[in-house]
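For reference, entry_4.txt is printed below; it contains compact mmCIF, C-alpha atoms.
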```txt
# COMPACT_ATOMS: atom_id res chain seq x y z
CA MET Y 20 -11.89 -20.26 -0.28
CA PRO Y 21 -9.95 -18.18 2.24
CA ARG Y 22 -6.88 -16.29 1.14
CA THR Y 23 -4.01 -16.61 3.58
CA PHE Y 24 -0.85 -14.51 3.66
CA VAL Y 25 2.22 -15.02 5.82
CA VAL Y 26 4.80 -12.25 6.16
CA VAL Y 27 8.08 -12.87 7.97
CA GLY Y 28 9.40 -9.80 9.83
CA HIS Y 29 13.01 -10.65 10.52
CA ARG Y 30 13.70 -7.79 12.94
CA ALA Y 31 10.13 -6.90 13.91
CA ALA Y 32 9.59 -6.04 17.59
CA THR Y 33 8.13 -8.79 19.78
CA GLY Y 34 7.53 -6.54 22.79
CA PRO Y 35 5.49 -3.35 23.26
CA ASP Y 36 8.47 -1.08 23.95
CA PHE Y 37 8.65 0.55 20.55
CA THR Y 38 7.48 4.05 19.77
CA VAL Y 39 4.88 4.77 17.11
CA LYS Y 40 6.99 7.85 16.31
CA ASP Y 41 9.69 5.58 14.93
CA LEU Y 42 8.16 2.36 13.64
CA PRO Y 43 10.93 1.70 11.09
CA GLY Y 44 13.70 2.01 13.69
CA SER Y 45 12.31 1.13 17.12
CA GLY Y 46 9.77 -1.31 15.64
CA GLY Y 47 12.33 -3.19 13.53
CA ARG Y 48 10.63 -2.23 10.25
CA LEU Y 49 7.24 -2.91 11.77
CA ASP Y 50 5.96 -0.28 9.30
CA VAL Y 51 6.40 -2.83 6.50
CA LEU Y 52 4.17 -5.32 8.31
CA LEU Y 53 1.53 -2.71 9.16
CA ARG Y 54 1.23 -1.84 5.49
CA CYS Y 55 0.71 -5.55 4.84
CA VAL Y 56 -2.28 -5.44 7.21
CA ASN Y 57 -3.67 -2.59 5.15
CA SER Y 58 -3.16 -4.27 1.78
CA ALA Y 59 -4.41 -7.65 3.00
CA PHE Y 60 -7.74 -6.36 4.32
CA PHE Y 61 -8.85 -3.03 2.92
CA LEU Y 62 -11.33 -2.59 0.15
CA SER Y 63 -12.93 0.76 -0.52
CA HIS Y 64 -15.37 1.16 2.41
CA ASP Y 65 -15.16 -2.55 3.25
CA LEU Y 66 -12.84 -5.27 4.57
CA ARG Y 67 -11.84 -8.50 2.86
CA ARG Y 68 -13.60 -10.91 5.19
CA ASP Y 69 -12.16 -13.97 3.38
CA THR Y 70 -8.54 -13.11 4.22
CA VAL Y 71 -6.26 -14.29 7.04
CA LEU Y 72 -2.85 -12.72 7.64
CA TYR Y 73 0.00 -14.08 9.78
CA LEU Y 74 2.78 -11.69 10.80
CA VAL Y 75 5.80 -13.62 12.07
CA LEU Y 76 7.84 -11.34 14.36
CA LEU Y 77 11.45 -12.36 14.84
CA GLY Y 78 13.09 -9.29 16.43
CA GLY Y 79 13.79 -8.51 20.10
CA PRO Y 80 13.03 -8.83 22.96
CA ASP Y 81 10.84 -11.93 23.07
CA ALA Y 82 11.09 -13.70 19.69
CA PRO Y 83 9.40 -15.48 18.17
CA LYS Y 84 5.81 -14.27 18.22
CA THR Y 85 3.16 -14.49 15.55
CA LEU Y 86 0.13 -12.26 15.11
CA ARG Y 87 -2.91 -13.66 13.32
CA PHE Y 88 -5.43 -11.27 11.74
CA THR Y 89 -8.73 -12.91 10.74
CA GLY Y 90 -10.86 -10.89 8.33
CA SER Y 91 -14.13 -12.58 9.28
CA THR Y 92 -13.91 -11.32 12.87
CA LEU Y 93 -11.77 -8.16 12.57
CA GLN Y 94 -13.28 -5.05 14.11
CA HIS Y 95 -12.22 -1.42 14.47
CA LEU Y 96 -9.38 -1.70 11.97
CA ASN Y 97 -8.40 1.60 10.35
CA PRO Y 98 -6.18 1.90 7.29
CA ASP Y 99 -3.51 4.22 8.70
CA GLU Y 100 -0.24 2.82 10.05
CA ARG Y 101 -0.38 4.52 13.43
CA SER Y 102 -3.72 3.12 14.58
CA THR Y 103 -2.77 -0.41 13.54
CA ALA Y 104 0.58 0.01 15.32
CA LEU Y 105 -1.32 0.76 18.53
CA LEU Y 106 -3.36 -2.45 18.12
CA VAL Y 107 -0.13 -4.43 17.61
CA GLN Y 108 1.44 -2.79 20.64
CA LYS Y 109 -1.54 -3.85 22.75
CA ALA Y 110 -1.26 -7.41 21.46
CA LEU Y 111 2.45 -7.54 22.33
CA GLU Y 112 1.67 -6.63 25.93
CA MET Y 113 -0.26 -9.86 26.50
CA LYS Y 114 0.98 -12.67 28.69
CA LEU Y 115 1.33 -15.74 26.47
CA ALA Y 116 1.38 -19.49 26.99
CA GLY Y 117 3.58 -20.93 24.24
CA PRO Y 118 1.80 -21.79 21.00
CA LEU Y 119 -1.73 -21.06 22.28
CA TRP Y 120 -3.48 -18.25 20.44
CA ARG Y 121 -4.77 -15.44 22.64
CA GLU Y 122 -7.16 -12.82 21.30
CA ALA Y 123 -5.89 -9.29 21.94
CA HIS Y 124 -8.59 -7.49 19.94
CA PRO Y 125 -11.52 -8.75 17.88
CA GLY Y 126 -9.87 -10.59 15.00
CA ILE Y 127 -6.28 -10.19 16.22
CA GLU Y 128 -4.61 -13.08 18.06
CA VAL Y 129 -1.05 -13.54 19.26
CA SER Y 130 1.05 -16.56 20.22
CA GLN Y 131 4.67 -17.50 20.91
CA ARG Y 132 5.19 -19.13 17.53
CA GLY Y 133 7.76 -18.79 14.80
CA LEU Y 134 7.40 -19.84 11.17
CA ALA Y 135 8.10 -23.54 11.89
CA ASP Y 136 5.33 -23.52 14.51
CA LEU Y 137 2.74 -22.62 11.87
CA GLU Y 138 2.85 -26.03 10.19
CA ASP Y 139 -0.43 -27.16 11.78
CA ALA Y 140 -2.16 -24.05 10.44
CA LEU Y 141 -0.48 -23.84 7.03
CA GLY Y 142 1.05 -27.19 6.10
CA ASP Y 143 -2.02 -28.49 4.25
CA LYS Y 144 -2.71 -25.33 2.28
CA ASP Y 145 -1.77 -24.66 -1.35
CA LEU Y 146 1.43 -22.82 -0.57
CA VAL Y 147 2.94 -20.22 -2.87
CA LEU Y 148 6.31 -18.62 -2.28
CA LEU Y 149 6.56 -15.26 -4.03
CA ASP Y 150 9.95 -15.12 -5.70
CA GLU Y 151 11.25 -13.12 -8.65
CA ASP Y 152 12.66 -16.32 -10.17
CA GLY Y 153 9.38 -18.26 -9.90
CA GLU Y 154 6.78 -19.08 -12.54
CA ASP Y 155 5.15 -15.99 -14.00
CA VAL Y 156 1.87 -15.22 -12.23
CA ALA Y 157 -0.09 -15.12 -15.51
CA GLU Y 158 1.07 -18.69 -16.27
CA ALA Y 159 0.63 -19.88 -12.68
CA ARG Y 160 -3.14 -19.25 -12.84
CA LEU Y 161 -3.70 -18.74 -9.12
CA ASP Y 162 -7.18 -20.08 -8.40
CA PRO Y 163 -9.34 -18.37 -5.76
CA GLU Y 164 -11.11 -21.71 -5.29
CA ASP Y 165 -7.86 -23.20 -3.93
CA ASP Y 166 -6.93 -22.87 -0.27
CA LEU Y 167 -4.04 -20.54 -1.14
CA CYS Y 168 -1.39 -19.42 1.30
CA LEU Y 169 1.12 -16.86 0.01
CA VAL Y 170 4.44 -16.57 1.86
CA LEU Y 171 6.36 -13.29 1.74
CA SER Y 172 9.28 -11.67 3.46
CA ASP Y 173 9.80 -8.14 4.75
CA HIS Y 174 12.67 -5.93 3.53
CA GLU Y 175 15.06 -8.86 3.99
CA ASP Y 176 14.98 -12.10 1.98
CA LEU Y 177 13.84 -15.33 3.59
CA THR Y 178 16.76 -17.20 5.13
CA GLU Y 179 17.84 -20.54 3.62
CA ASP Y 180 16.28 -22.34 6.58
CA GLU Y 181 12.97 -20.51 6.11
CA ARG Y 182 12.93 -21.32 2.41
CA ALA Y 183 13.71 -24.98 3.10
CA LEU Y 184 10.86 -25.09 5.60
CA VAL Y 185 8.30 -23.67 3.17
CA ASP Y 186 9.64 -25.82 0.33
CA GLY Y 187 9.14 -28.81 2.63
CA TRP Y 188 5.47 -27.87 2.94
CA GLY Y 189 5.21 -28.20 -0.85
CA ALA Y 190 5.29 -24.56 -1.88
CA ARG Y 191 5.53 -23.58 -5.54
CA GLU Y 192 7.35 -20.41 -6.53
CA VAL Y 193 5.54 -17.64 -8.39
CA SER Y 194 6.82 -14.32 -9.72
CA LEU Y 195 4.60 -11.22 -9.88
CA GLY Y 196 6.75 -9.37 -12.41
CA PRO Y 197 10.19 -8.15 -13.37
CA ARG Y 198 10.76 -5.74 -10.48
CA ALA Y 199 11.43 -6.46 -6.81
CA LEU Y 200 8.52 -5.06 -4.79
CA HIS Y 201 7.61 -4.34 -1.18
CA ALA Y 202 5.62 -7.08 0.55
CA ASP Y 203 2.47 -4.97 0.89
CA HIS Y 204 2.51 -4.17 -2.82
CA CYS Y 205 2.85 -7.90 -3.55
CA ILE Y 206 -0.25 -8.61 -1.46
CA THR Y 207 -2.21 -5.98 -3.40
CA LEU Y 208 -1.11 -7.55 -6.70
CA VAL Y 209 -2.06 -11.08 -5.54
CA HIS Y 210 -5.52 -9.86 -4.49
CA GLY Y 211 -5.77 -8.18 -7.89
CA TRP Y 212 -5.02 -11.44 -9.72
CA LEU Y 213 -7.40 -13.45 -7.54
CA ASP Y 214 -10.20 -10.87 -7.82
CA ARG Y 215 -9.98 -11.10 -11.61
CA ALA Y 216 -9.54 -14.88 -11.86
CA MET Z 21 7.93 7.37 -20.84
CA PRO Z 22 7.10 8.88 -17.44
CA ARG Z 23 4.18 7.54 -15.46
CA THR Z 24 2.05 10.29 -13.94
CA PHE Z 25 -0.59 9.87 -11.25
CA VAL Z 26 -3.01 12.49 -9.96
CA VAL Z 27 -4.92 11.89 -6.74
CA VAL Z 28 -7.65 14.29 -5.65
CA GLY Z 29 -7.91 14.66 -1.86
CA HIS Z 30 -11.29 16.25 -1.34
CA ARG Z 31 -10.84 17.13 2.32
CA ALA Z 32 -7.06 16.97 2.58
CA ALA Z 33 -5.42 19.65 4.72
CA THR Z 34 -3.89 22.61 2.86
CA GLY Z 35 -2.15 24.06 5.93
CA PRO Z 36 0.43 22.63 8.34
CA ASP Z 37 -1.86 22.65 11.40
CA PHE Z 38 -2.66 18.96 11.42
CA THR Z 39 -1.18 16.45 13.82
CA VAL Z 40 0.69 13.38 12.63
CA LYS Z 41 -1.03 11.59 15.51
CA ASP Z 42 -4.33 11.91 13.68
CA LEU Z 43 -3.73 12.05 9.95
CA PRO Z 44 -7.15 10.61 9.06
CA GLY Z 45 -9.05 13.16 11.15
CA SER Z 46 -6.96 16.32 11.47
CA GLY Z 47 -5.33 15.77 8.06
CA GLY Z 48 -8.63 15.24 6.21
CA ARG Z 49 -7.73 11.68 5.22
CA LEU Z 50 -4.21 12.76 4.36
CA ASP Z 51 -3.24 9.16 5.26
CA VAL Z 52 -4.80 8.00 1.98
CA LEU Z 53 -2.62 10.39 0.01
CA LEU Z 54 0.54 9.48 1.93
CA ARG Z 55 0.00 5.82 1.04
CA CYS Z 56 -0.30 6.92 -2.59
CA VAL Z 57 3.19 8.45 -2.30
CA ASN Z 58 4.43 5.09 -1.05
CA SER Z 59 2.80 3.04 -3.79
CA ALA Z 60 3.74 5.48 -6.54
CA PHE Z 61 7.47 5.49 -5.75
CA PHE Z 62 8.69 2.52 -3.76
CA LEU Z 63 10.38 -0.50 -5.19
CA SER Z 64 12.27 -2.91 -3.00
CA HIS Z 65 15.43 -0.97 -2.08
CA ASP Z 66 14.85 1.55 -4.88
CA LEU Z 67 12.56 4.36 -6.07
CA ARG Z 68 10.61 4.57 -9.33
CA ARG Z 69 12.53 7.44 -10.90
CA ASP Z 70 10.19 7.53 -13.92
CA THR Z 71 7.10 8.44 -11.86
CA VAL Z 72 5.50 11.82 -11.09
CA LEU Z 73 2.66 12.16 -8.57
CA TYR Z 74 0.32 15.11 -8.08
CA LEU Z 75 -1.67 15.33 -4.84
CA VAL Z 76 -4.52 17.82 -5.18
CA LEU Z 77 -5.46 19.08 -1.71
CA LEU Z 78 -8.93 20.55 -1.41
CA GLY Z 79 -9.55 20.75 2.35
CA GLY Z 80 -9.13 23.68 4.74
CA PRO Z 81 -7.70 26.17 5.48
CA ASP Z 82 -6.09 27.39 2.25
CA ALA Z 83 -7.53 25.33 -0.64
CA PRO Z 84 -6.61 24.56 -3.28
CA LYS Z 85 -2.99 23.47 -3.15
CA THR Z 86 -1.22 20.82 -5.18
CA LEU Z 87 1.91 18.89 -4.23
CA ARG Z 88 4.08 17.52 -7.02
CA PHE Z 89 6.45 14.61 -6.27
CA THR Z 90 9.04 13.97 -9.00
CA GLY Z 91 10.77 10.60 -8.83
CA SER Z 92 13.86 11.67 -10.77
CA THR Z 93 14.80 14.23 -8.12
CA LEU Z 94 13.20 12.83 -4.93
CA GLN Z 95 15.54 12.45 -1.98
CA HIS Z 96 15.22 11.23 1.60
CA LEU Z 97 11.82 9.65 1.07
CA ASN Z 98 10.99 6.85 3.50
CA PRO Z 99 8.11 4.41 3.07
CA ASP Z 100 6.33 4.99 6.38
CA GLU Z 101 3.34 7.34 6.62
CA ARG Z 102 4.67 9.46 9.47
CA SER Z 103 7.93 10.57 7.85
CA THR Z 104 6.16 11.48 4.60
CA ALA Z 105 3.53 13.37 6.61
CA LEU Z 106 6.30 15.50 8.11
CA LEU Z 107 7.61 16.33 4.60
CA VAL Z 108 4.10 17.33 3.54
CA GLN Z 109 3.67 19.44 6.66
CA LYS Z 110 6.89 21.29 5.84
CA ALA Z 111 5.70 21.88 2.27
CA LEU Z 112 2.39 23.29 3.51
CA GLU Z 113 4.25 25.87 5.62
CA MET Z 114 5.71 27.56 2.54
CA LYS Z 115 4.66 31.00 1.35
CA LEU Z 116 3.23 30.57 -2.14
CA ALA Z 117 2.71 32.81 -5.17
CA GLY Z 118 -0.34 31.47 -6.99
CA PRO Z 119 0.34 28.75 -9.56
CA LEU Z 120 4.14 28.94 -9.35
CA TRP Z 121 5.78 25.74 -8.13
CA ARG Z 122 8.05 26.12 -5.12
CA GLU Z 123 10.38 23.34 -4.06
CA ALA Z 124 9.91 22.43 -0.40
CA HIS Z 125 12.24 19.41 -0.38
CA PRO Z 126 14.28 17.75 -3.13
CA GLY Z 127 11.64 16.38 -5.50
CA ILE Z 128 8.61 17.84 -3.68
CA GLU Z 129 7.05 21.07 -4.96
CA VAL Z 130 3.92 22.90 -3.92
CA SER Z 131 1.69 25.50 -5.58
CA GLN Z 132 -1.71 27.14 -5.14
CA ARG Z 133 -3.38 25.06 -7.82
CA GLY Z 134 -6.48 22.93 -7.99
CA LEU Z 135 -7.27 20.22 -10.52
CA ALA Z 136 -8.34 22.71 -13.24
CA ASP Z 137 -5.02 24.53 -12.86
CA LEU Z 138 -3.11 21.40 -13.88
CA GLU Z 139 -4.23 21.58 -17.51
CA ASP Z 140 -0.87 22.95 -18.69
CA ALA Z 141 0.92 20.04 -17.02
CA LEU Z 142 -1.54 17.26 -17.83
CA GLY Z 143 -3.78 18.29 -20.72
CA ASP Z 144 -1.56 16.79 -23.45
CA LYS Z 145 -0.93 13.47 -21.72
CA ASP Z 146 -2.67 10.15 -22.42
CA LEU Z 147 -5.21 10.48 -19.64
CA VAL Z 148 -6.84 7.52 -17.95
CA LEU Z 149 -9.62 7.81 -15.41
CA LEU Z 150 -9.79 4.75 -13.19
CA ASP Z 151 -13.42 3.77 -12.87
CA GLU Z 152 -15.12 0.50 -12.04
CA ASP Z 153 -17.38 0.91 -15.09
CA GLY Z 154 -14.50 1.53 -17.51
CA GLU Z 155 -12.87 -0.79 -20.05
CA ASP Z 156 -11.19 -3.77 -18.40
CA VAL Z 157 -7.48 -3.14 -17.85
CA ALA Z 158 -6.48 -6.34 -19.67
CA GLU Z 159 -8.36 -5.13 -22.77
CA ALA Z 160 -7.19 -1.53 -22.40
CA ARG Z 161 -3.55 -2.58 -22.93
CA LEU Z 162 -1.95 0.32 -21.07
CA ASP Z 163 1.33 1.01 -22.87
CA PRO Z 164 4.36 2.13 -20.85
CA GLU Z 165 5.63 3.84 -24.01
CA ASP Z 166 2.66 6.24 -23.87
CA ASP Z 167 2.79 9.41 -21.78
CA LEU Z 168 0.21 8.03 -19.36
CA CYS Z 169 -1.49 10.04 -16.65
CA LEU Z 170 -3.80 8.14 -14.29
CA VAL Z 171 -6.40 10.15 -12.40
CA LEU Z 172 -7.73 8.80 -9.09
CA SER Z 173 -9.80 10.00 -6.18
CA ASP Z 174 -9.36 9.57 -2.43
CA HIS Z 175 -12.07 7.93 -0.29
CA GLU Z 176 -14.70 10.09 -2.00
CA ASP Z 177 -15.68 9.84 -5.68
CA LEU Z 178 -14.68 12.57 -8.09
CA THR Z 179 -17.35 15.26 -8.30
CA GLU Z 180 -19.30 15.71 -11.52
CA ASP Z 181 -17.33 18.86 -12.26
CA GLU Z 182 -14.03 17.07 -11.75
CA ARG Z 183 -15.09 14.23 -14.03
CA ALA Z 184 -16.24 16.68 -16.70
CA LEU Z 185 -12.88 18.45 -16.51
CA VAL Z 186 -10.87 15.26 -16.97
CA ASP Z 187 -13.24 14.03 -19.68
CA GLY Z 188 -12.65 17.34 -21.43
CA TRP Z 189 -8.92 16.56 -21.46
CA GLY Z 190 -9.73 13.40 -23.42
CA ALA Z 191 -9.51 10.79 -20.67
CA ARG Z 192 -10.55 7.21 -21.31
CA GLU Z 193 -12.04 5.14 -18.49
CA VAL Z 194 -10.36 1.93 -17.35
CA SER Z 195 -11.38 -0.60 -14.68
CA LEU Z 196 -8.82 -2.55 -12.65
CA GLY Z 197 -11.23 -5.26 -11.54
CA PRO Z 198 -14.56 -6.09 -9.98
CA ARG Z 199 -13.96 -4.63 -6.52
CA ALA Z 200 -13.72 -0.98 -5.43
CA LEU Z 201 -10.20 -0.39 -4.13
CA HIS Z 202 -8.26 2.26 -2.24
CA ALA Z 203 -6.36 4.74 -4.41
CA ASP Z 204 -2.92 3.51 -3.27
CA HIS Z 205 -3.82 -0.07 -4.14
CA CYS Z 206 -4.95 1.11 -7.60
CA ILE Z 207 -1.56 2.76 -8.14
CA THR Z 208 0.21 -0.49 -7.21
CA LEU Z 209 -1.96 -2.43 -9.67
CA VAL Z 210 -1.32 0.08 -12.48
CA HIS Z 211 2.44 -0.14 -11.91
CA GLY Z 212 2.05 -3.94 -11.96
CA TRP Z 213 0.32 -3.87 -15.36
CA LEU Z 214 2.83 -1.41 -16.82
CA ASP Z 215 5.84 -3.32 -15.44
CA ARG Z 216 4.60 -6.47 -17.17
CA ALA Z 217 3.48 -4.82 -20.45
```

Could you rewrite the structure in this file as structure tokens?
Amino acid sequence: MPRTFVVVGHRAATGPDFTVKDLPGSGGRLDVLLRCVNSAFFLSHDLRRDTVLYLVLLGGPDAPKTLRFTGSTLQHLNPDERSTALLVQKALEMKLAGPLWREAHPGIEVSQRGLADLEDALGDKDLVLLDEDGEDVAEARLDPEDDLCLVLSDHEDLTEDERALVDGWGAREVSLGPRALHADHCITLVHGWLDRA
Amino acid sequence: MPRTFVVVGHRAATGPDFTVKDLPGSGGRLDVLLRCVNSAFFLSHDLRRDTVLYLVLLGGPDAPKTLRFTGSTLQHLNPDERSTALLVQKALEMKLAGPLWREAHPGIEVSQRGLADLEDALGDKDLVLLDEDGEDVAEARLDPEDDLCLVLSDHEDLTEDERALVDGWGAREVSLGPRALHADHCITLVHGWLDRA
């Protein structure tokens, strides 16, 4: 089954006017989200074609927007942050029509959606909220045959409203270990558990 | 005990004349090694002070050089690739005296060493060579109380000579799972296993 990840970028830029020389500052910690693209898709000399990644961008100037990366159709993706930042910048230049997805690059779509607007795409999946206080991942027995959707946050925690929303979609809470980790490292660990399951 | 990682960058630049606009090309896949710095050290809002990372640089123009990152003394490290690339560039500008370590930045040293020249630093450690054909990591029971040193390669496999060298230091071979992964993802998985051990 596909593996879906959703990462909420609370201050991430929603317009193209950031500089790739300062992704953490001008991009609103867009660097965190770019590393999630890397960890979601890259294998050694291959891409994970079974993976879909949503990046929810909630920073200025045109929030919200969501980027959808689809492994089965992704092309010309390189692992370094800068080249992926340029693809994101191109996507954020597109004229959008509300919740409709527009393809900016093969395998990269963009729409004017926030987290709540993803219910049609995510609401029926087997949702997992990664949380240090959740059930230990070894006990949780994540099953690659399930239609899993893992929800993560960037350098800031999910807001109470965001948590309530995901809880309302039936998410269970799973912990990856005793230490608080960056979102991209969490994605790598989840792939590791699912690859071995 | 400390956790030590060694990553061999077979074409990685050994001089400062690369551009941060093209780390994969001009840096000889330096981007791979910069992501290893990220995955070796970053926790959420913290650094792994117990970790040491060696980056062995074997590309032009002044090979070999080795960078040593020491978590207990590292300062001003940011998670994005570009800012770490600038620290590496500064380190590669330094005048060196053979195998002596020179500090280029708090917690970042550089010397004119290759992999064989690290025997005094690594030879007595509990060496582990990550290899898809090795013992499964769940069976290998990596112990954070051991003085572990994990040896990895960049996008190219270790050469036969490099493998023979590390085997000669008594390395055992461990596999992290069924899929071939990027070096930085392997470091994240190893930290994950050790954090949970």

For Leu74 (chain Y): contacts at 7 Å, only C-alpha atoms, fewer than 4 positions along chain excluded, given as a VMD selection string: chain Y and resid 25 to 28 52 85 to 87

Those same residues - C-alpha atoms - I'd like them written as a PDB file, in the coordinates of the input.
```pdb
ATOM      1  CA  VAL Y  25       2.220 -15.020   5.820  1.00  0.00           C
ATOM      2  CA  VAL Y  26       4.800 -12.250   6.160  1.00  0.00           C
ATOM      3  CA  VAL Y  27       8.080 -12.870   7.970  1.00  0.00           C
ATOM      4  CA  GLY Y  28       9.400  -9.800   9.830  1.00  0.00           C
ATOM      5  CA  LEU Y  52       4.170  -5.320   8.310  1.00  0.00           C
ATOM      6  CA  THR Y  85       3.160 -14.490  15.550  1.00  0.00           C
ATOM      7  CA  LEU Y  86       0.130 -12.260  15.110  1.00  0.00           C
ATOM      8  CA  ARG Y  87      -2.910 -13.660  13.320  1.00  0.00           C
TER       9      ARG Y  87
END
```

Could you give me, as JSON lines, a per-residue list for chain Z showing, wherever an atom lies at most 6 Å from an atom of chain Y, the closest pair of atoms and their distance in Å to one decimal, using only C-alpha atoms and sorting by chain then residue number from low to high?
```
{"residue": "Z:Leu63", "atom": "CA", "partner": "Y:Leu200", "partner_atom": "CA", "distance": 4.9}
{"residue": "Z:Ser64", "atom": "CA", "partner": "Y:Leu200", "partner_atom": "CA", "distance": 4.7}
{"residue": "Z:Gly197", "atom": "CA", "partner": "Y:Arg215", "partner_atom": "CA", "distance": 6.0}
{"residue": "Z:Ala200", "atom": "CA", "partner": "Y:Ser63", "partner_atom": "CA", "distance": 5.3}
{"residue": "Z:Leu201", "atom": "CA", "partner": "Y:Ser63", "partner_atom": "CA", "distance": 4.7}
{"residue": "Z:His202", "atom": "CA", "partner": "Y:Ser63", "partner_atom": "CA", "distance": 5.2}
{"residue": "Z:Leu209", "atom": "CA", "partner": "Y:Leu208", "partner_atom": "CA", "distance": 6.0}
{"residue": "Z:Arg216", "atom": "CA", "partner": "Y:Gly196", "partner_atom": "CA", "distance": 6.0}
```

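Between CA of Ala82 (chain Y) and CA of Val170 (chain Y) the separation is 19.2 Å.
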
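Picture a line from CA of Thr71 (chain Z) to CA of Glu154 (chain Y); it runs 27.5 Å.
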
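Omitting Ala159 (chain Y) and its sequence neighbours fewer than 4 positions away, and counting all atoms listed in the file, the residues within 10 Å are Gly153, Glu154, Asp155, Arg191, Glu192, Val193, Ser194 and Leu195 of chain Y.
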
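The interatomic distance for the pair CA of Val71 (chain Y) and CA of Leu105 (chain Y) works out to 19.6 Å.
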
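With all atoms listed in the file as the atoms that count, the residue of Z:Gly127, Z:Gly47, Z:Gly143, Z:Gly91 with the shortest distance to Asp70 (chain Z) is Z:Gly91.
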
I'd like to know which of Z:Val157, Z:Asp167, Z:Leu147, Z:Glu182 is closest to Pro22 (chain Z), using only C-alpha atoms.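 Of all the options, Z:Asp167 lies closest to Pro22 (chain Z).
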